[in-house]
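Chemist: Below are the structure tokens for one structure; questions will follow.
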Amino acid sequence: MAALPLALRNVTVTAASGRGLLNIPDYTLPAGQSLAILGPSGAGKSTLLHVLSGLRRVSTGSVHWGATDLATLTETRLSAFRRRHIGQIFQDFLLFDEMSALENAAVARQFAPGPERAEILRRAVQSLTSLGLDPQETRRATTYSGGERQRIAVARALAQGPDVLLADEPTASLDRTSAERLTDDLLAAAQRTGLSLICVTHDPALATRLDRTLRLAHGAPEMSHAA
């Protein structure tokens, strides 16, 4: 695991209708830094996060994680890069409710090459433990609280051993106490592993604890600065 620097150059995303969704002339984030992406609904935050994960192709420009430009990769190589380098945390958790916490956290091993599966399981156990969850607990994920379910989702992302962790509104569905604990957990994981952390958020309490902020309006940067 080694954090990757980010460099966006002349990035645009255009909808099929021709409407511009994103326009970022130039942006860089040093390796190992944390970033909050802010802005009102419809500002382009989720589009940018999808661009950073390779789930959305750019219309023009380059998206460099280290030496790799996502815009130049085939779908096969893009999927391989995402699996190896990028962990994702989704707003609605996307857990398998019938599975246990550990089965959810280690789900990536089902799709990984044989030699990697034991390491994914080891990291899943370690991540659940560090997040205050018992990896030996067999009850189904649906029985956990919202905060616990989000921590299972974090453990799942960390089990991949990512260099970059992308989170979409990670505290949105949590009460204040759970949101603060999850923020602590995310920052501790970033510090422990050295990964780059990027969060789309409306939560000012989360944003102020990250290294940098990038505010979008109508798909373009409004301002960017260290937090």
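All residue names refer to the structure tokens as shown: chains lettered A, B, ... in order, residues numbered from 1 in each chain, ligands numbered from 1 in order.
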If we count only C-alpha atoms and set the cut-off at 6 Å, which residues sit around Val58 (chain A), ignoring sequence neighbours fewer than 2 positions away in its own chain? Please answer as a compact mmCIF listing (two decimals) with N, CA and C atoms, in the first residue's frame.
Modeler:
# COMPACT_ATOMS: atom_id res chain seq x y z
N THR A 12 -13.21 17.59 -18.33
CA THR A 12 -14.61 17.94 -18.54
C THR A 12 -15.42 16.66 -18.65
N VAL A 13 -16.67 16.75 -18.19
CA VAL A 13 -17.64 15.67 -18.37
C VAL A 13 -18.90 16.30 -18.93
N THR A 60 -13.06 15.07 -21.85
CA THR A 60 -11.72 15.51 -22.21
C THR A 60 -10.85 15.52 -20.96
Chemist: Compile the contact shell of Leu8 (chain A) as a PyMOL selection string: residues with an atom at most 7 Å away, counting only C-alpha atoms, same-chain residues fewer than 4 positions apart removed.
Modeler: chain A and resi 26-28+62-64
Chemist: Now that the selection is made, can you save its residues with C-alpha atoms as a PDB file, in the first residue's frame?
Modeler:
ATOM      1  CA  ASP A  26      -6.290  21.939 -13.021  1.00  0.00           C
ATOM      2  CA  TYR A  27      -6.219  20.330  -9.598  1.00  0.00           C
ATOM      3  CA  THR A  28      -3.615  18.386  -7.634  1.00  0.00           C
ATOM      4  CA  SER A  62      -6.554  13.415 -17.880  1.00  0.00           C
ATOM      5  CA  VAL A  63      -7.082  11.867 -14.448  1.00  0.00           C
ATOM      6  CA  HIS A  64      -3.733  10.791 -13.064  1.00  0.00           C
TER       7      HIS A  64
END
Chemist: Kindly indicate which residue among A:Ala106, A:Leu95, A:Leu197, A:Ala205 lies nearest to Leu6 (chain A), using only C-alpha atoms for the distances.
Modeler: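 Once distances to Leu6 (chain A) are computed over only C-alpha atoms, the minimum belongs to A:Leu197.
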Chemist: Run DSSP on the backbone and give me the residues of region 12-207 of chain A it puts in strand (DSSP E or B), as a PyMOL selection string.
Modeler: chain A and resi 12-14+20-29+34-38+60-65+68-69+86-89+164-168+196-200
Chemist: Could you save the residues just selected, with N, CA and C atoms, as a short mmCIF file (atom, residue, chain, number, x, y, z; two decimals), in the first residue's frame?
Modeler:
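Generated file (result.cif):
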data_model
loop_
_atom_site.label_atom_id
_atom_site.label_comp_id
_atom_site.auth_asym_id
_atom_site.auth_seq_id
_atom_site.Cartn_x
_atom_site.Cartn_y
_atom_site.Cartn_z
N THR A 12 -13.21 17.59 -18.33
CA THR A 12 -14.61 17.94 -18.54
C THR A 12 -15.42 16.66 -18.65
N VAL A 13 -16.67 16.75 -18.19
CA VAL A 13 -17.64 15.67 -18.37
C VAL A 13 -18.90 16.30 -18.93
N THR A 14 -19.38 15.75 -20.02
CA THR A 14 -20.56 16.30 -20.70
C THR A 14 -21.64 15.23 -20.79
N GLY A 20 -22.91 20.53 -19.79
CA GLY A 20 -21.67 20.32 -19.06
C GLY A 20 -21.93 19.94 -17.62
N LEU A 21 -21.31 18.85 -17.16
CA LEU A 21 -21.48 18.38 -15.79
C LEU A 21 -20.28 18.69 -14.91
N LEU A 22 -19.10 18.78 -15.54
CA LEU A 22 -17.87 19.00 -14.77
C LEU A 22 -16.86 19.72 -15.64
N ASN A 23 -16.15 20.66 -15.01
CA ASN A 23 -15.11 21.40 -15.73
C ASN A 23 -14.04 21.81 -14.73
N ILE A 24 -12.98 21.03 -14.68
CA ILE A 24 -11.88 21.29 -13.74
C ILE A 24 -10.60 21.45 -14.55
N PRO A 25 -10.14 22.69 -14.75
CA PRO A 25 -8.95 22.93 -15.55
C PRO A 25 -7.68 22.30 -14.97
N ASP A 26 -7.54 22.40 -13.63
CA ASP A 26 -6.29 21.94 -13.02
C ASP A 26 -6.51 21.75 -11.52
N TYR A 27 -6.16 20.55 -11.04
CA TYR A 27 -6.22 20.33 -9.60
C TYR A 27 -5.25 19.22 -9.23
N THR A 28 -4.53 19.41 -8.11
CA THR A 28 -3.62 18.39 -7.63
C THR A 28 -3.84 18.16 -6.14
N LEU A 29 -3.62 16.93 -5.73
CA LEU A 29 -3.69 16.55 -4.33
C LEU A 29 -2.47 15.68 -4.03
N SER A 34 -5.82 14.33 2.72
CA SER A 34 -7.27 14.12 2.75
C SER A 34 -7.97 15.35 2.17
N LEU A 35 -9.11 15.11 1.51
CA LEU A 35 -9.81 16.17 0.79
C LEU A 35 -11.31 16.04 1.00
N ALA A 36 -11.96 17.16 1.30
CA ALA A 36 -13.42 17.23 1.35
C ALA A 36 -13.91 17.92 0.08
N ILE A 37 -14.81 17.28 -0.66
CA ILE A 37 -15.43 17.88 -1.83
C ILE A 37 -16.80 18.40 -1.41
N LEU A 38 -17.00 19.70 -1.52
CA LEU A 38 -18.19 20.37 -1.01
C LEU A 38 -18.97 21.01 -2.15
N THR A 60 -13.06 15.07 -21.85
CA THR A 60 -11.72 15.51 -22.21
C THR A 60 -10.85 15.52 -20.96
N GLY A 61 -9.53 15.55 -21.18
CA GLY A 61 -8.60 15.72 -20.08
C GLY A 61 -8.02 14.42 -19.55
N SER A 62 -7.25 14.55 -18.47
CA SER A 62 -6.55 13.41 -17.88
C SER A 62 -6.83 13.36 -16.38
N VAL A 63 -6.86 12.12 -15.87
CA VAL A 63 -7.08 11.87 -14.45
C VAL A 63 -5.95 10.96 -13.99
N HIS A 64 -4.92 11.55 -13.46
CA HIS A 64 -3.73 10.79 -13.06
C HIS A 64 -3.77 10.44 -11.58
N TRP A 65 -3.70 9.15 -11.30
CA TRP A 65 -3.34 8.67 -9.97
C TRP A 65 -1.91 8.17 -10.08
N THR A 68 -0.51 6.74 -13.54
CA THR A 68 -1.58 6.13 -14.33
C THR A 68 -2.68 7.13 -14.66
N ASP A 69 -2.96 7.30 -15.94
CA ASP A 69 -4.05 8.16 -16.39
C ASP A 69 -5.28 7.30 -16.65
N ILE A 86 -8.13 1.35 -5.34
CA ILE A 86 -9.18 2.27 -4.87
C ILE A 86 -10.22 1.54 -4.03
N GLY A 87 -10.41 2.03 -2.80
CA GLY A 87 -11.49 1.56 -1.95
C GLY A 87 -12.62 2.57 -1.95
N GLN A 88 -13.86 2.08 -1.94
CA GLN A 88 -15.01 2.98 -2.02
C GLN A 88 -16.00 2.73 -0.89
N ILE A 89 -16.52 3.81 -0.33
CA ILE A 89 -17.54 3.76 0.71
C ILE A 89 -18.75 4.49 0.17
N VAL A 164 -6.05 4.58 -2.18
CA VAL A 164 -6.96 5.72 -2.18
C VAL A 164 -8.30 5.25 -1.62
N LEU A 165 -8.89 6.05 -0.74
CA LEU A 165 -10.21 5.74 -0.19
C LEU A 165 -11.16 6.87 -0.57
N LEU A 166 -12.23 6.52 -1.32
CA LEU A 166 -13.23 7.48 -1.77
C LEU A 166 -14.53 7.23 -1.02
N ALA A 167 -15.08 8.27 -0.40
CA ALA A 167 -16.29 8.11 0.40
C ALA A 167 -17.35 9.10 -0.05
N ASP A 168 -18.55 8.59 -0.30
CA ASP A 168 -19.67 9.42 -0.75
C ASP A 168 -20.62 9.67 0.43
N SER A 196 -4.60 8.01 0.68
CA SER A 196 -5.25 9.28 0.37
C SER A 196 -6.75 9.12 0.61
N LEU A 197 -7.37 10.09 1.27
CA LEU A 197 -8.79 10.02 1.63
C LEU A 197 -9.53 11.19 0.99
N ILE A 198 -10.58 10.88 0.22
CA ILE A 198 -11.40 11.91 -0.43
C ILE A 198 -12.86 11.65 -0.08
N CYS A 199 -13.51 12.66 0.49
CA CYS A 199 -14.91 12.53 0.91
C CYS A 199 -15.77 13.58 0.25
N VAL A 200 -16.83 13.16 -0.43
CA VAL A 200 -17.91 14.07 -0.79
C VAL A 200 -18.79 14.22 0.44
#
Chemist: Can you tell me, as a list in words, what residues are no more than 10 Å from Arg139 (chain A) when counting only C-alpha atoms, ignoring any on the same chain fewer than 3 positions away?
Modeler: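 Near neighbours after the sequence-gap exclusion: Asp97, Glu98, Met99, Ser100, Ala101, Leu102, Gln136, Thr142, Thr143 and Tyr144 of chain A.
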Chemist: When distances are computed from only C-alpha atoms, which of A:Glu148, A:Glu75, A:Glu119, A:Glu103 shows the smallest separation from Pro135 (chain A)?
Modeler: A:Glu103
Chemist: If we count only C-alpha atoms and set the cut-off at 6 Å, which residues sit around region 41-48 of chain A, ignoring sequence neighbours fewer than 3 positions away in its own chain? Please answer as a list of chain:residue names.
Modeler: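 Non-adjacent residues within range: A:Val51, A:Leu216, A:Ala217, A:His218, A:Gly219.
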Chemist: Generate the output file for the selected residues, N, CA and C atoms, as a PDB file, in the first residue's frame.
Modeler:
ATOM      1  N   VAL A  51     -15.582  10.094 -11.443  1.00  0.00           N
ATOM      2  CA  VAL A  51     -14.421  10.279 -12.323  1.00  0.00           C
ATOM      3  C   VAL A  51     -13.153   9.781 -11.632  1.00  0.00           C
ATOM      4  N   LEU A 216     -17.326  22.945  -5.181  1.00  0.00           N
ATOM      5  CA  LEU A 216     -17.802  22.995  -6.558  1.00  0.00           C
ATOM      6  C   LEU A 216     -19.100  23.788  -6.656  1.00  0.00           C
ATOM      7  N   ALA A 217     -19.262  24.471  -7.768  1.00  0.00           N
ATOM      8  CA  ALA A 217     -20.512  25.159  -8.106  1.00  0.00           C
ATOM      9  C   ALA A 217     -20.701  25.030  -9.605  1.00  0.00           C
ATOM     10  N   HIS A 218     -21.831  24.457 -10.009  1.00  0.00           N
ATOM     11  CA  HIS A 218     -22.125  24.239 -11.431  1.00  0.00           C
ATOM     12  C   HIS A 218     -21.004  23.470 -12.124  1.00  0.00           C
ATOM     13  N   GLY A 219     -20.424  22.496 -11.410  1.00  0.00           N
ATOM     14  CA  GLY A 219     -19.442  21.612 -11.996  1.00  0.00           C
ATOM     15  C   GLY A 219     -18.022  22.140 -12.024  1.00  0.00           C
TER      16      GLY A 219
END
